[in-house]
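Participant: Input file: run21.txt. Contents: compact mmCIF, C-alpha atoms and all ligand atoms.
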# COMPACT_ATOMS: atom_id res chain seq x y z
CA MET A 16 300.89 70.17 -12.02
CA TYR A 17 300.09 73.89 -12.00
CA THR A 18 303.21 76.00 -11.73
CA LEU A 19 304.11 79.64 -12.26
CA GLU A 20 307.90 79.17 -12.05
CA LYS A 21 308.72 81.12 -15.21
CA SER A 22 306.26 83.87 -14.31
CA LYS A 23 307.81 84.19 -10.85
CA GLN A 24 311.25 84.62 -12.37
CA ALA A 25 309.95 87.13 -14.90
CA PHE A 26 308.27 89.07 -12.08
CA GLN A 27 311.53 89.24 -10.11
CA GLU A 28 313.28 90.78 -13.09
CA ALA A 29 310.40 93.13 -13.95
CA LYS A 30 310.47 94.50 -10.40
CA VAL A 31 314.02 95.75 -10.98
CA TYR A 32 312.86 97.94 -13.84
CA MET A 33 309.28 98.91 -13.04
CA PRO A 34 307.58 99.84 -9.75
CA GLY A 35 306.03 96.63 -8.47
CA GLY A 36 307.04 94.98 -11.71
CA VAL A 37 303.98 96.33 -13.52
CA ASN A 38 302.60 99.29 -15.45
CA SER A 39 299.30 99.41 -13.59
CA PRO A 40 299.06 98.47 -9.88
CA VAL A 41 296.30 95.85 -9.79
CA ARG A 42 298.28 93.61 -12.15
CA SER A 43 300.81 92.91 -9.39
CA TYR A 44 298.42 90.54 -7.50
CA ARG A 45 299.28 92.24 -4.22
CA SER A 46 295.72 92.04 -2.93
CA VAL A 47 295.72 88.26 -3.35
CA GLY A 48 299.25 87.87 -2.00
CA SER A 49 300.93 86.10 -4.90
CA GLU A 50 302.74 86.60 -8.20
CA PRO A 51 300.86 87.26 -11.42
CA PRO A 52 301.05 84.93 -14.42
CA PHE A 53 302.99 86.61 -17.24
CA ILE A 54 300.87 86.45 -20.36
CA SER A 55 302.19 85.29 -23.71
CA SER A 56 299.04 85.31 -25.84
CA ALA A 57 295.26 85.25 -25.89
CA SER A 58 292.58 84.03 -28.26
CA GLY A 59 288.81 83.99 -27.94
CA ASP A 60 287.99 83.62 -24.24
CA ARG A 61 291.35 81.96 -23.48
CA ILE A 62 294.51 83.54 -22.15
CA TYR A 63 297.90 81.77 -21.95
CA ASP A 64 300.88 82.39 -19.70
CA ILE A 65 304.60 81.84 -20.24
CA ASP A 66 304.47 78.71 -18.04
CA GLY A 67 302.16 77.09 -20.58
CA ASN A 68 298.98 77.41 -18.50
CA GLU A 69 295.66 78.05 -20.20
CA TYR A 70 292.83 79.98 -18.54
CA ILE A 71 289.24 80.90 -19.30
CA ASP A 72 289.56 84.68 -19.10
CA TYR A 73 287.00 86.73 -17.15
CA VAL A 74 289.21 89.83 -16.99
CA LEU A 75 289.33 90.47 -20.74
CA SER A 76 291.90 93.24 -20.38
CA TRP A 77 289.64 94.73 -17.67
CA GLY A 78 286.67 94.86 -19.99
CA PRO A 79 287.50 95.80 -23.58
CA MET A 80 287.52 92.39 -25.27
CA ILE A 81 283.76 91.79 -25.57
CA LEU A 82 284.31 90.09 -28.94
CA GLY A 83 286.98 87.85 -27.42
CA HIS A 84 290.74 88.15 -27.88
CA ALA A 85 292.29 88.40 -31.34
CA LYS A 86 288.92 88.55 -33.10
CA SER A 87 289.78 87.79 -36.73
CA GLU A 88 287.98 90.76 -38.31
CA VAL A 89 289.62 93.19 -35.89
CA VAL A 90 293.05 91.65 -36.42
CA ALA A 91 292.67 91.79 -40.21
CA ALA A 92 291.62 95.46 -40.10
CA LEU A 93 294.62 96.27 -37.92
CA GLN A 94 297.05 94.43 -40.19
CA GLU A 95 295.86 96.53 -43.12
CA ALA A 96 295.89 99.72 -41.07
CA VAL A 97 299.51 99.53 -39.93
CA LEU A 98 300.68 99.22 -43.53
CA ARG A 99 299.24 102.68 -44.15
CA GLY A 100 301.35 104.20 -41.37
CA THR A 101 300.65 104.27 -37.65
CA SER A 102 300.17 107.97 -36.89
CA TYR A 103 299.84 111.21 -38.86
CA GLY A 104 298.79 113.90 -36.40
CA ALA A 105 296.29 115.06 -39.01
CA PRO A 106 292.57 114.49 -39.64
CA THR A 107 291.38 111.18 -41.14
CA LEU A 108 288.06 109.83 -42.40
CA LEU A 109 288.26 107.17 -39.70
CA GLU A 110 287.64 109.62 -36.86
CA THR A 111 284.31 110.79 -38.28
CA GLU A 112 283.35 107.18 -38.92
CA VAL A 113 284.02 106.27 -35.31
CA ALA A 114 282.14 109.33 -34.04
CA LYS A 115 279.11 108.35 -36.13
CA LYS A 116 279.25 104.76 -34.88
CA ILE A 117 279.37 105.92 -31.27
CA GLN A 118 276.38 108.14 -31.89
CA ALA A 119 274.49 105.20 -33.39
CA PHE A 120 274.80 103.43 -30.01
CA MET A 121 274.45 106.53 -27.86
CA PRO A 122 272.40 109.22 -29.61
CA HIS A 123 273.21 111.79 -26.92
CA MET A 124 276.86 111.83 -28.00
CA GLU A 125 276.16 114.76 -30.32
CA MET A 126 279.83 115.74 -30.44
CA VAL A 127 282.87 113.85 -29.19
CA ARG A 128 286.59 114.27 -28.66
CA MET A 129 288.81 111.20 -28.94
CA VAL A 130 291.56 110.73 -26.35
CA ASN A 131 293.95 107.93 -25.37
CA SER A 132 292.71 106.71 -22.00
CA GLY A 133 289.72 106.80 -19.70
CA THR A 134 291.74 108.97 -17.33
CA GLU A 135 292.09 111.61 -20.02
CA ALA A 136 288.40 111.40 -20.90
CA THR A 137 287.14 112.04 -17.35
CA MET A 138 289.76 114.69 -16.63
CA SER A 139 288.79 116.55 -19.81
CA ALA A 140 285.04 116.18 -19.27
CA LEU A 141 285.48 117.80 -15.86
CA ARG A 142 287.41 120.66 -17.40
CA VAL A 143 284.53 121.24 -19.80
CA ALA A 144 282.04 121.19 -16.91
CA ARG A 145 284.12 123.65 -14.90
CA GLY A 146 284.78 125.79 -17.95
CA VAL A 147 281.14 126.19 -18.91
CA THR A 148 279.78 126.63 -15.38
CA GLY A 149 282.58 128.81 -14.05
CA ARG A 150 282.45 126.69 -10.85
CA ASP A 151 285.24 124.63 -9.24
CA LYS A 152 283.57 122.05 -7.02
CA ILE A 153 282.84 118.55 -8.24
CA VAL A 154 281.00 115.64 -6.66
CA LYS A 155 282.12 112.03 -6.89
CA PHE A 156 281.01 108.88 -5.11
CA ILE A 157 283.10 106.83 -2.72
CA GLY A 158 284.35 103.70 -4.43
CA CYS A 159 283.83 105.02 -7.95
CA TYR A 160 287.02 105.15 -9.98
CA HIS A 161 287.43 107.66 -12.77
CA GLY A 162 291.10 107.30 -13.61
CA HIS A 163 294.08 108.71 -11.79
CA SER A 164 293.95 112.46 -12.37
CA ASP A 165 294.46 114.58 -9.25
CA CYS A 166 290.97 115.78 -8.45
CA LEU A 167 289.47 112.33 -9.05
CA LEU A 168 291.95 110.44 -6.90
CA VAL A 169 289.85 110.85 -3.80
CA LYS A 170 288.15 107.76 -2.33
CA ALA A 171 288.56 106.06 -5.66
CA GLY A 172 287.86 102.33 -5.26
CA SER A 173 289.47 99.21 -6.77
CA GLY A 174 293.25 99.51 -7.06
CA LEU A 175 293.33 102.15 -4.37
CA ALA A 176 290.86 100.47 -2.09
CA THR A 177 292.76 97.25 -2.45
CA PHE A 178 295.94 98.88 -1.29
CA GLY A 179 294.20 100.82 1.45
CA VAL A 180 295.36 104.21 0.17
CA PRO A 181 292.43 106.60 0.55
CA ASP A 182 294.30 109.39 -1.21
CA SER A 183 297.56 109.34 -3.06
CA PRO A 184 300.60 111.30 -1.94
CA GLY A 185 301.27 113.90 -4.59
CA VAL A 186 297.68 115.05 -4.90
CA PRO A 187 297.68 118.63 -3.59
CA ALA A 188 295.27 119.19 -0.70
CA SER A 189 294.04 122.29 -2.48
CA VAL A 190 293.00 120.20 -5.49
CA ALA A 191 291.34 117.48 -3.41
CA ALA A 192 289.47 120.17 -1.49
CA ASP A 193 287.30 120.87 -4.51
CA THR A 194 286.19 117.24 -4.69
CA ILE A 195 283.18 116.42 -2.54
CA THR A 196 282.64 112.70 -1.94
CA LEU A 197 279.36 111.01 -1.08
CA PRO A 198 278.38 107.37 -0.53
CA TYR A 199 277.20 105.63 -3.72
CA ASN A 200 273.44 105.11 -3.97
CA ASP A 201 272.76 107.59 -1.13
CA ILE A 202 269.89 109.63 -2.53
CA GLU A 203 269.34 111.59 0.68
CA ALA A 204 272.99 112.69 0.86
CA VAL A 205 272.80 113.96 -2.71
CA ARG A 206 269.63 115.94 -1.97
CA GLU A 207 271.08 117.47 1.17
CA LEU A 208 274.33 118.47 -0.50
CA PHE A 209 272.57 120.14 -3.41
CA ALA A 210 270.09 121.90 -1.15
CA ALA A 211 273.01 123.38 0.80
CA GLN A 212 275.48 124.22 -1.99
CA GLY A 213 274.14 123.06 -5.35
CA ASP A 214 274.84 126.42 -6.97
CA THR A 215 278.59 126.05 -6.38
CA ILE A 216 278.87 122.60 -7.96
CA ALA A 217 280.26 122.36 -11.49
CA ALA A 218 279.60 118.66 -12.00
CA VAL A 219 278.58 115.33 -10.62
CA ILE A 220 280.61 112.48 -12.05
CA VAL A 221 279.36 108.94 -11.52
CA GLU A 222 279.76 105.40 -12.76
CA PRO A 223 276.05 104.85 -13.52
CA VAL A 224 276.73 101.18 -12.92
CA ALA A 225 279.65 101.05 -10.50
CA GLY A 226 282.30 98.56 -11.50
CA ASN A 227 285.35 99.62 -9.56
CA MET A 228 284.19 98.54 -6.11
CA GLY A 229 282.95 95.35 -7.71
CA CYS A 230 279.74 95.44 -9.70
CA VAL A 231 277.19 97.63 -7.90
CA PRO A 232 274.03 98.64 -9.77
CA PRO A 233 272.33 101.98 -9.05
CA VAL A 234 269.35 101.71 -6.70
CA GLU A 235 266.02 102.88 -8.04
CA GLY A 236 265.87 106.66 -7.99
CA PHE A 237 269.61 107.26 -7.61
CA LEU A 238 270.39 108.24 -11.20
CA GLU A 239 267.02 110.00 -11.48
CA THR A 240 267.91 112.12 -8.45
CA LEU A 241 271.32 112.99 -9.89
CA ARG A 242 269.63 114.11 -13.10
CA ALA A 243 267.04 116.17 -11.26
CA VAL A 244 269.34 118.02 -8.86
CA THR A 245 272.01 118.79 -11.46
CA SER A 246 269.39 120.16 -13.85
CA GLU A 247 267.83 122.23 -11.11
CA HIS A 248 271.17 123.76 -10.09
CA LYS A 249 272.64 124.02 -13.61
CA SER A 250 275.43 121.58 -12.78
CA ILE A 251 276.74 119.17 -15.38
CA LEU A 252 275.94 115.46 -15.03
CA ILE A 253 278.81 113.30 -16.28
CA PHE A 254 278.28 109.58 -16.78
CA ASP A 255 281.60 107.77 -16.66
CA GLU A 256 280.69 104.80 -18.84
CA VAL A 257 284.28 103.82 -19.53
CA MET A 258 283.46 100.41 -18.05
CA CYS A 259 279.67 100.06 -18.30
CA GLY A 260 279.27 101.53 -21.80
CA PHE A 261 278.55 98.60 -24.19
CA ARG A 262 278.35 96.39 -21.06
CA ALA A 263 275.25 97.51 -19.12
CA SER A 264 273.49 97.42 -22.50
CA ALA A 265 274.36 98.19 -26.12
CA GLY A 266 273.60 101.83 -25.38
CA GLY A 267 275.30 101.76 -21.98
CA ALA A 268 273.73 102.54 -18.63
CA GLN A 269 272.12 105.67 -20.02
CA LYS A 270 270.01 103.53 -22.35
CA LYS A 271 269.32 100.82 -19.80
CA TYR A 272 268.07 103.22 -17.13
CA GLY A 273 266.71 105.89 -19.47
CA ILE A 274 268.69 108.79 -18.03
CA VAL A 275 270.33 111.33 -20.33
CA PRO A 276 273.58 112.75 -18.96
CA ASP A 277 275.09 116.02 -20.19
CA LEU A 278 278.47 114.44 -20.90
CA THR A 279 279.58 110.82 -21.25
CA CYS A 280 283.02 109.23 -21.01
CA LEU A 281 283.76 106.02 -22.87
CA GLY A 282 286.86 103.83 -22.99
CA LYS A 283 287.75 100.13 -22.84
CA ILE A 284 285.38 98.50 -25.42
CA VAL A 285 285.24 101.64 -27.58
CA GLY A 286 288.93 101.19 -28.42
CA GLY A 287 288.65 97.49 -29.24
CA GLY A 288 291.72 96.69 -27.14
CA LEU A 289 293.86 99.62 -28.24
CA PRO A 290 294.53 102.78 -26.20
CA MET A 291 291.51 104.90 -27.08
CA ALA A 292 288.77 106.69 -25.14
CA VAL A 293 286.18 109.37 -25.76
CA PHE A 294 284.32 112.14 -24.01
CA GLY A 295 281.34 113.88 -25.49
CA GLY A 296 277.70 114.77 -25.25
CA ARG A 297 275.66 117.96 -25.59
CA ARG A 298 276.63 120.02 -28.62
CA ASP A 299 276.45 123.33 -26.74
CA LEU A 300 278.94 122.02 -24.17
CA MET A 301 281.32 120.29 -26.58
CA SER A 302 281.32 123.40 -28.80
CA GLN A 303 283.23 125.08 -25.99
CA VAL A 304 286.21 122.74 -26.52
CA ALA A 305 289.26 124.07 -28.42
CA PRO A 306 289.63 125.04 -31.20
CA GLN A 307 285.88 125.73 -31.56
CA GLY A 308 285.75 127.16 -28.04
CA PRO A 309 288.14 128.34 -25.34
CA ILE A 310 288.40 125.18 -23.18
CA TYR A 311 291.76 123.66 -23.99
CA GLN A 312 292.29 119.98 -24.70
CA ALA A 313 294.74 118.30 -27.09
CA GLY A 314 296.67 115.09 -27.85
CA THR A 315 299.48 114.09 -30.22
CA LEU A 316 298.13 110.56 -30.67
CA SER A 317 294.43 111.37 -30.15
CA GLY A 318 292.29 109.85 -32.90
CA ASN A 319 295.23 107.63 -33.83
CA PRO A 320 294.42 105.72 -37.03
CA VAL A 321 295.38 102.30 -35.64
CA ALA A 322 293.31 102.79 -32.47
CA MET A 323 290.42 104.16 -34.55
CA THR A 324 290.60 101.07 -36.75
CA ALA A 325 290.32 98.71 -33.77
CA GLY A 326 287.45 100.74 -32.34
CA LEU A 327 285.65 100.97 -35.65
CA ALA A 328 286.01 97.25 -36.38
CA THR A 329 284.72 96.38 -32.90
CA LEU A 330 281.75 98.75 -32.99
CA THR A 331 280.90 97.67 -36.55
CA LEU A 332 280.73 94.01 -35.52
CA LEU A 333 278.62 94.91 -32.48
CA GLN A 334 276.26 96.94 -34.65
CA GLN A 335 275.96 94.33 -37.40
CA ASP A 336 275.01 91.61 -34.96
CA PRO A 337 272.90 93.09 -32.17
CA THR A 338 272.37 89.57 -30.78
CA VAL A 339 275.95 89.70 -29.45
CA PHE A 340 274.76 91.69 -26.43
CA LYS A 341 271.83 89.35 -25.80
CA ARG A 342 274.04 86.29 -26.04
CA VAL A 343 276.78 87.66 -23.78
CA GLU A 344 274.18 88.80 -21.25
CA ALA A 345 272.47 85.41 -21.32
CA ALA A 346 275.81 83.72 -20.66
CA THR A 347 276.40 86.13 -17.77
CA VAL A 348 273.03 85.28 -16.20
CA LYS A 349 273.75 81.57 -16.57
CA LEU A 350 277.15 81.89 -14.95
CA CYS A 351 275.95 84.14 -12.11
CA GLU A 352 272.92 81.99 -11.28
CA GLY A 353 275.15 78.93 -11.39
CA LEU A 354 277.63 80.53 -8.99
CA VAL A 355 274.85 81.36 -6.53
CA GLU A 356 273.56 77.79 -6.71
CA ARG A 357 277.00 76.22 -6.16
CA ALA A 358 277.76 78.53 -3.24
CA LYS A 359 274.42 77.69 -1.64
CA LYS A 360 275.11 73.98 -1.99
CA HIS A 361 278.18 74.43 0.22
CA ASN A 362 276.61 76.99 2.56
CA ILE A 363 278.98 79.78 1.57
CA PRO A 364 277.24 83.16 1.83
CA VAL A 365 277.72 85.11 -1.41
CA GLN A 366 276.10 87.88 -3.41
CA VAL A 367 276.60 87.58 -7.14
CA GLN A 368 275.81 91.00 -8.61
CA TYR A 369 275.62 91.55 -12.34
CA VAL A 370 274.44 94.06 -14.90
CA GLY A 371 274.61 93.24 -18.60
CA SER A 372 277.89 91.40 -19.11
CA MET A 373 279.75 92.51 -15.97
CA PHE A 374 279.59 90.75 -12.60
CA THR A 375 281.19 90.35 -9.18
CA LEU A 376 280.98 87.46 -6.74
CA PHE A 377 281.01 89.10 -3.29
CA PHE A 378 281.68 86.99 -0.21
CA THR A 379 278.99 88.46 2.01
CA ASP A 380 275.42 87.68 3.02
CA LYS A 381 274.07 91.19 2.35
CA PRO A 382 273.53 92.96 -0.98
CA VAL A 383 276.39 95.34 -1.79
CA ARG A 384 275.04 98.83 -2.44
CA ASN A 385 278.10 100.96 -1.76
CA PHE A 386 281.77 100.89 -0.90
CA GLU A 387 281.20 100.24 2.79
CA ASP A 388 279.20 97.12 1.97
CA ALA A 389 281.93 95.96 -0.43
CA SER A 390 284.56 96.47 2.26
CA ALA A 391 282.64 94.25 4.66
CA CYS A 392 283.20 91.18 2.45
CA ASN A 393 285.20 88.18 3.62
CA MET A 394 288.52 88.89 1.89
CA GLU A 395 290.13 85.65 3.11
CA GLN A 396 287.44 83.60 1.40
CA PHE A 397 287.83 85.70 -1.72
CA LYS A 398 291.59 85.05 -1.79
CA LYS A 399 291.19 81.29 -1.39
CA PHE A 400 288.47 81.14 -4.00
CA PHE A 401 290.59 83.20 -6.38
CA HIS A 402 293.70 81.04 -6.01
CA TYR A 403 291.80 77.79 -6.34
CA ASN A 404 290.28 79.05 -9.58
CA LEU A 405 293.53 80.41 -11.00
CA SER A 406 295.33 77.14 -10.41
CA HIS A 407 292.45 75.30 -12.10
CA GLY A 408 292.33 77.39 -15.26
CA ILE A 409 289.83 80.11 -14.36
CA TYR A 410 291.17 83.66 -14.56
CA TYR A 411 289.10 86.09 -12.45
CA ALA A 412 290.05 89.64 -11.47
CA PRO A 413 292.54 89.45 -8.57
CA SER A 414 290.55 91.62 -6.17
CA GLN A 415 287.18 91.58 -4.46
CA TYR A 416 286.77 95.20 -5.57
CA GLU A 417 286.70 94.45 -9.29
CA SER A 418 284.19 93.46 -11.91
CA ASN A 419 284.61 90.45 -14.15
CA PHE A 420 283.47 90.31 -17.76
CA LEU A 421 282.20 87.90 -20.38
CA SER A 422 282.72 87.90 -24.13
CA MET A 423 280.85 86.38 -27.05
CA CYS A 424 283.43 83.57 -26.94
CA HIS A 425 282.30 82.31 -23.53
CA ILE A 426 280.29 79.36 -24.81
CA PRO A 427 278.07 77.12 -22.62
CA GLN A 428 280.82 74.48 -22.21
CA ASP A 429 283.13 77.18 -20.80
CA ILE A 430 280.46 78.35 -18.36
CA GLU A 431 279.91 74.73 -17.31
CA LYS A 432 283.64 74.20 -16.74
CA THR A 433 283.78 77.45 -14.75
CA LEU A 434 280.91 76.30 -12.54
CA GLU A 435 282.53 72.92 -11.95
CA VAL A 436 285.69 74.61 -10.71
CA ALA A 437 283.62 77.01 -8.61
CA ASP A 438 281.86 74.05 -7.04
CA GLU A 439 285.20 72.55 -6.01
CA ALA A 440 286.44 75.91 -4.74
CA PHE A 441 283.33 76.42 -2.59
CA ALA A 442 283.77 72.88 -1.26
CA GLU A 443 287.31 73.83 -0.14
CA LEU A 444 285.98 76.93 1.61
CA ALA A 445 283.34 74.80 3.34
CA LYS A 446 286.08 72.48 4.64
CA ASP A 447 287.80 75.50 6.20
CA LEU A 448 284.62 76.44 7.99
CA LYS A 449 284.34 72.96 9.51
CA ALA A 450 288.00 72.82 10.51
C1 LIG A 501 289.06 101.96 -16.40
C2 LIG A 501 288.27 103.12 -15.97
C3 LIG A 501 288.76 104.44 -16.07
C4 LIG A 501 290.16 104.74 -16.44
O1 LIG A 501 290.46 104.40 -17.74
P1 LIG A 501 292.03 104.24 -18.13
O2 LIG A 501 291.96 103.95 -19.61
O3 LIG A 501 292.55 103.13 -17.31
O4 LIG A 501 292.69 105.53 -17.83
C5 LIG A 501 287.91 105.48 -15.77
N1 LIG A 501 286.64 105.25 -15.37
C6 LIG A 501 286.14 104.01 -15.25
C7 LIG A 501 284.73 103.82 -14.82
C8 LIG A 501 286.95 102.90 -15.52
O5 LIG A 501 286.44 101.68 -15.36
Represent the structure from my file as structure tokens, please.
Ligand SMILES: *Cc1c(COP(=O)(O)O)cnc(C)c1O

Facilitator:
Amino acid sequence: MYTLEKSKQAFQEAKVYMPGGVNSPVRSYRSVGSEPPFISSASGDRIYDIDGNEYIDYVLSWGPMILGHAKSEVVAALQEAVLRGTSYGAPTLLETEVAKKIQAFMPHMEMVRMVNSGTEATMSALRVARGVTGRDKIVKFIGCYHGHSDCLLVKAGSGLATFGVPDSPGVPASVAADTITLPYNDIEAVRELFAAQGDTIAAVIVEPVAGNMGCVPPVEGFLETLRAVTSEHKSILIFDEVMCGFRASAGGAQKKYGIVPDLTCLGKIVGGGLPMAVFGGRRDLMSQVAPQGPIYQAGTLSGNPVAMTAGLATLTLLQQDPTVFKRVEAATVKLCEGLVERAKKHNIPVQVQYVGSMFTLFFTDKPVRNFEDASACNMEQFKKFFHYNLSHGIYYAPSQYESNFLSMCHIPQDIEKTLEVADEAFAELAKDLKA
């Protein structure tokens, strides 16, 4: 019998000490109307809760664990690293090693700065763009999430969309006023905006594969248009590949779609499961960052040796065995095609959208190209599907507006098991429709 009794108790107590009982909103399961399992450990593609339940994990810490949890080589490297001390606040050989590895995957990362979270990476990349252009305005797309810094917390997808908070209290109107939002994949809107005021725009920031309104690939011509108009108007094009880097392809979305951004933000996989992120790109732009240039950016724990070790071990394994990406992508295709097939069998309209090793099962009969499309999904069906899966050992992201992920540990038997449970879940939804 599936039960979350211990987790429920733990959640009650956590709520006394932390807002919503969590340290990041989506973990609270509010959008699916229940209590989250409290996790005790994870290994490979499995995650375990304090009630003794085992799940096949498609959240993977929201993306980072592409090698699977507790990958032995990464764990061994970390065990050695901590014995040498956990932070020095001084340069190490590791940082240059990591920078070189990143460049091996993404040659346009000519210079990088390591930071501690994706939020910091995007916030700092924007400062560079504003600093070098001397302009204030930035463009972002509705439903794209770039972390929680003030000027980016405008129409920001996933956690926010789920809670129906378009803006957050505490973001000054004056700051939000410099953020222009456009619908994702709307080429015409981009052209019109740039024709009217392109010369006042410091930067366009975009998830080149959107993952924070669910998985939404760029339509043909969208990224090309962003590249063209920003070049024409001397604005900076920032690819936020915190999620899709090492997911859309080994070289990220920039490699997959053949578009070179001016700056790139990375996080999640790049830190191998530790708090670590990166922004970087064109040498002439990054040379403007302190202390080489005047644009200030700093961090006590930035380039932390333990985080660098996890990142380096992860990237090294990915580089040594390039078939990892092919295998994880093949597993993703198998799962996604299987989900479509099972849904069809029970006449449940779905769109399963995937790029590389990220995917979302949308409960809708039309392709999802932007946030409005994502919002039109059947959220009741999503909730039921989610709960059926959770209580049968399949751990998906607890919101329709999220991407799910695979790792190299998701073997064919796991995919098969996942599809069996999906089949049952769709059958339950079909019963509802008849009732
Ligand atoms: C997760 C994410 C961020 C924020 O990263 P944090 O490490 O949570 O601050 C930014 N951009 C994208 C695209 C993300 O997926």

Participant: Could you list, as a PyMOL selection string, all protein and nucleic acid residues with an atom at most 7 Å from ligand LIG 501 (chain A), counting all atoms listed in the file?

Facilitator: chain A and resi 132-135+137+160-163+222+226-227+255-258+282-283+292

Participant: Measuring atom to atom with all atoms listed in the file, identify which of A:Met301, A:Cys351, A:Gly229, A:Asn404 is nearest to A:Phe377.

Facilitator: A:Gly229

Participant: For A:Pro223, please output as JSON, numbers by chain all residues within 9 Å (counting all atoms listed in the file; exclusion window: fewer than 5 positions along the same chain).

Facilitator: {"A": [232, 233, 238, 254, 255, 256, 259, 268, 269, 272]}

Participant: If we count only C-alpha atoms, what is near A:Ile430 at a cut-off of 9 Å, once residues fewer than 5 positions away on the same chain are taken out, given as number ranges by chain?

Facilitator: A: 346-347, 349-350, 353, 425, 435

Participant: Starting from the point (286.6, 120.2, -16.1), work out which residues of protein, DNA or RNA have an atom no more than 12 Å away when counting only C-alpha atoms; state them as a tab-separated table (two decimals) with C-alpha atoms, in the coordinates of the input.

Facilitator:
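Saved as part_4.tsv:
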chain	number	residue	atom	x	y	z
A	135	GLU	CA	292.09	111.61	-20.02
A	136	ALA	CA	288.40	111.40	-20.90
A	137	THR	CA	287.14	112.04	-17.35
A	138	MET	CA	289.76	114.69	-16.63
A	139	SER	CA	288.79	116.55	-19.81
A	140	ALA	CA	285.04	116.18	-19.27
A	141	LEU	CA	285.48	117.80	-15.86
A	142	ARG	CA	287.41	120.66	-17.40
A	143	VAL	CA	284.53	121.24	-19.80
A	144	ALA	CA	282.04	121.19	-16.91
A	145	ARG	CA	284.12	123.65	-14.90
A	146	GLY	CA	284.78	125.79	-17.95
A	147	VAL	CA	281.14	126.19	-18.91
A	148	THR	CA	279.78	126.63	-15.38
A	149	GLY	CA	282.58	128.81	-14.05
A	150	ARG	CA	282.45	126.69	-10.85
A	151	ASP	CA	285.24	124.63	-9.24
A	152	LYS	CA	283.57	122.05	-7.02
A	153	ILE	CA	282.84	118.55	-8.24
A	154	VAL	CA	281.00	115.64	-6.66
A	164	SER	CA	293.95	112.46	-12.37
A	165	ASP	CA	294.46	114.58	-9.25
A	166	CYS	CA	290.97	115.78	-8.45
A	167	LEU	CA	289.47	112.33	-9.05
A	193	ASP	CA	287.30	120.87	-4.51
A	194	THR	CA	286.19	117.24	-4.69
A	216	ILE	CA	278.87	122.60	-7.96
A	217	ALA	CA	280.26	122.36	-11.49
A	218	ALA	CA	279.60	118.66	-12.00
A	219	VAL	CA	278.58	115.33	-10.62
A	220	ILE	CA	280.61	112.48	-12.05
A	250	SER	CA	275.43	121.58	-12.78
A	251	ILE	CA	276.74	119.17	-15.38
A	252	LEU	CA	275.94	115.46	-15.03
A	253	ILE	CA	278.81	113.30	-16.28
A	278	LEU	CA	278.47	114.44	-20.90
A	294	PHE	CA	284.32	112.14	-24.01
A	300	LEU	CA	278.94	122.02	-24.17
A	301	MET	CA	281.32	120.29	-26.58
A	303	GLN	CA	283.23	125.08	-25.99
A	304	VAL	CA	286.21	122.74	-26.52
A	310	ILE	CA	288.40	125.18	-23.18
A	311	TYR	CA	291.76	123.66	-23.99
A	312	GLN	CA	292.29	119.98	-24.70

Participant: Can you pull out every residue within 12 Å of A:Ser22, counting all atoms listed in the file, but drop anything in the same chain fewer than 2 positions away, and send it as an MDAnalysis selection string?

Facilitator: chainID A and resid 17:20 24:29 36 43 49:55 63:68

Participant: In terms of the shortest atom-to-atom distance over all atoms listed in the file, which of A:Lys381, A:Arg298, A:Arg357, A:Lys398 is closest to A:Ala412?

Facilitator: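 Going through A:Lys381, A:Arg298, A:Arg357, A:Lys398 one by one, the smallest distance to A:Ala412 is for A:Lys398.
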
Participant: Nearest residue to A:Ala91 out of A:Cys159, A:Ala191, A:Ala328, A:Val244, using all atoms listed in the file?

Facilitator: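 So, comparing all the options, the nearest one is A:Ala328.
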
Participant: Which of these residues is nearest to A:Leu316, using only C-alpha atoms: A:Val205, A:Lys115, A:Asn38, A:Leu289?

Facilitator: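 Distance minimum relative to A:Leu316 lands on A:Leu289.
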
Participant: Could you check how far atom CA of A:Leu327 sits from atom CA of A:Leu109, in Å to one decimal?

Facilitator: 7.9 Å

Participant: Applying 10 Å and all atoms listed in the file, which residues near stretch 118-126 of chain A remain after dropping the ones on its own chain fewer than 4 positions away? List them as a VMD selection string.

Facilitator: chain A and resid 112 to 114 260 to 261 264 to 267 269 to 270 275 to 280 293 to 302 330 333 to 334

Participant: Atom CA of A:His84 to atom CA of A:Gly288: how many Å, to one decimal?

Facilitator: 8.6 Å

Participant: Given the choices A:Arg45, A:Pro320, A:Val37, A:Glu443, which gets closest to A:Glu110 if the distance is worked out from all atoms listed in the file?

Facilitator: A:Pro320
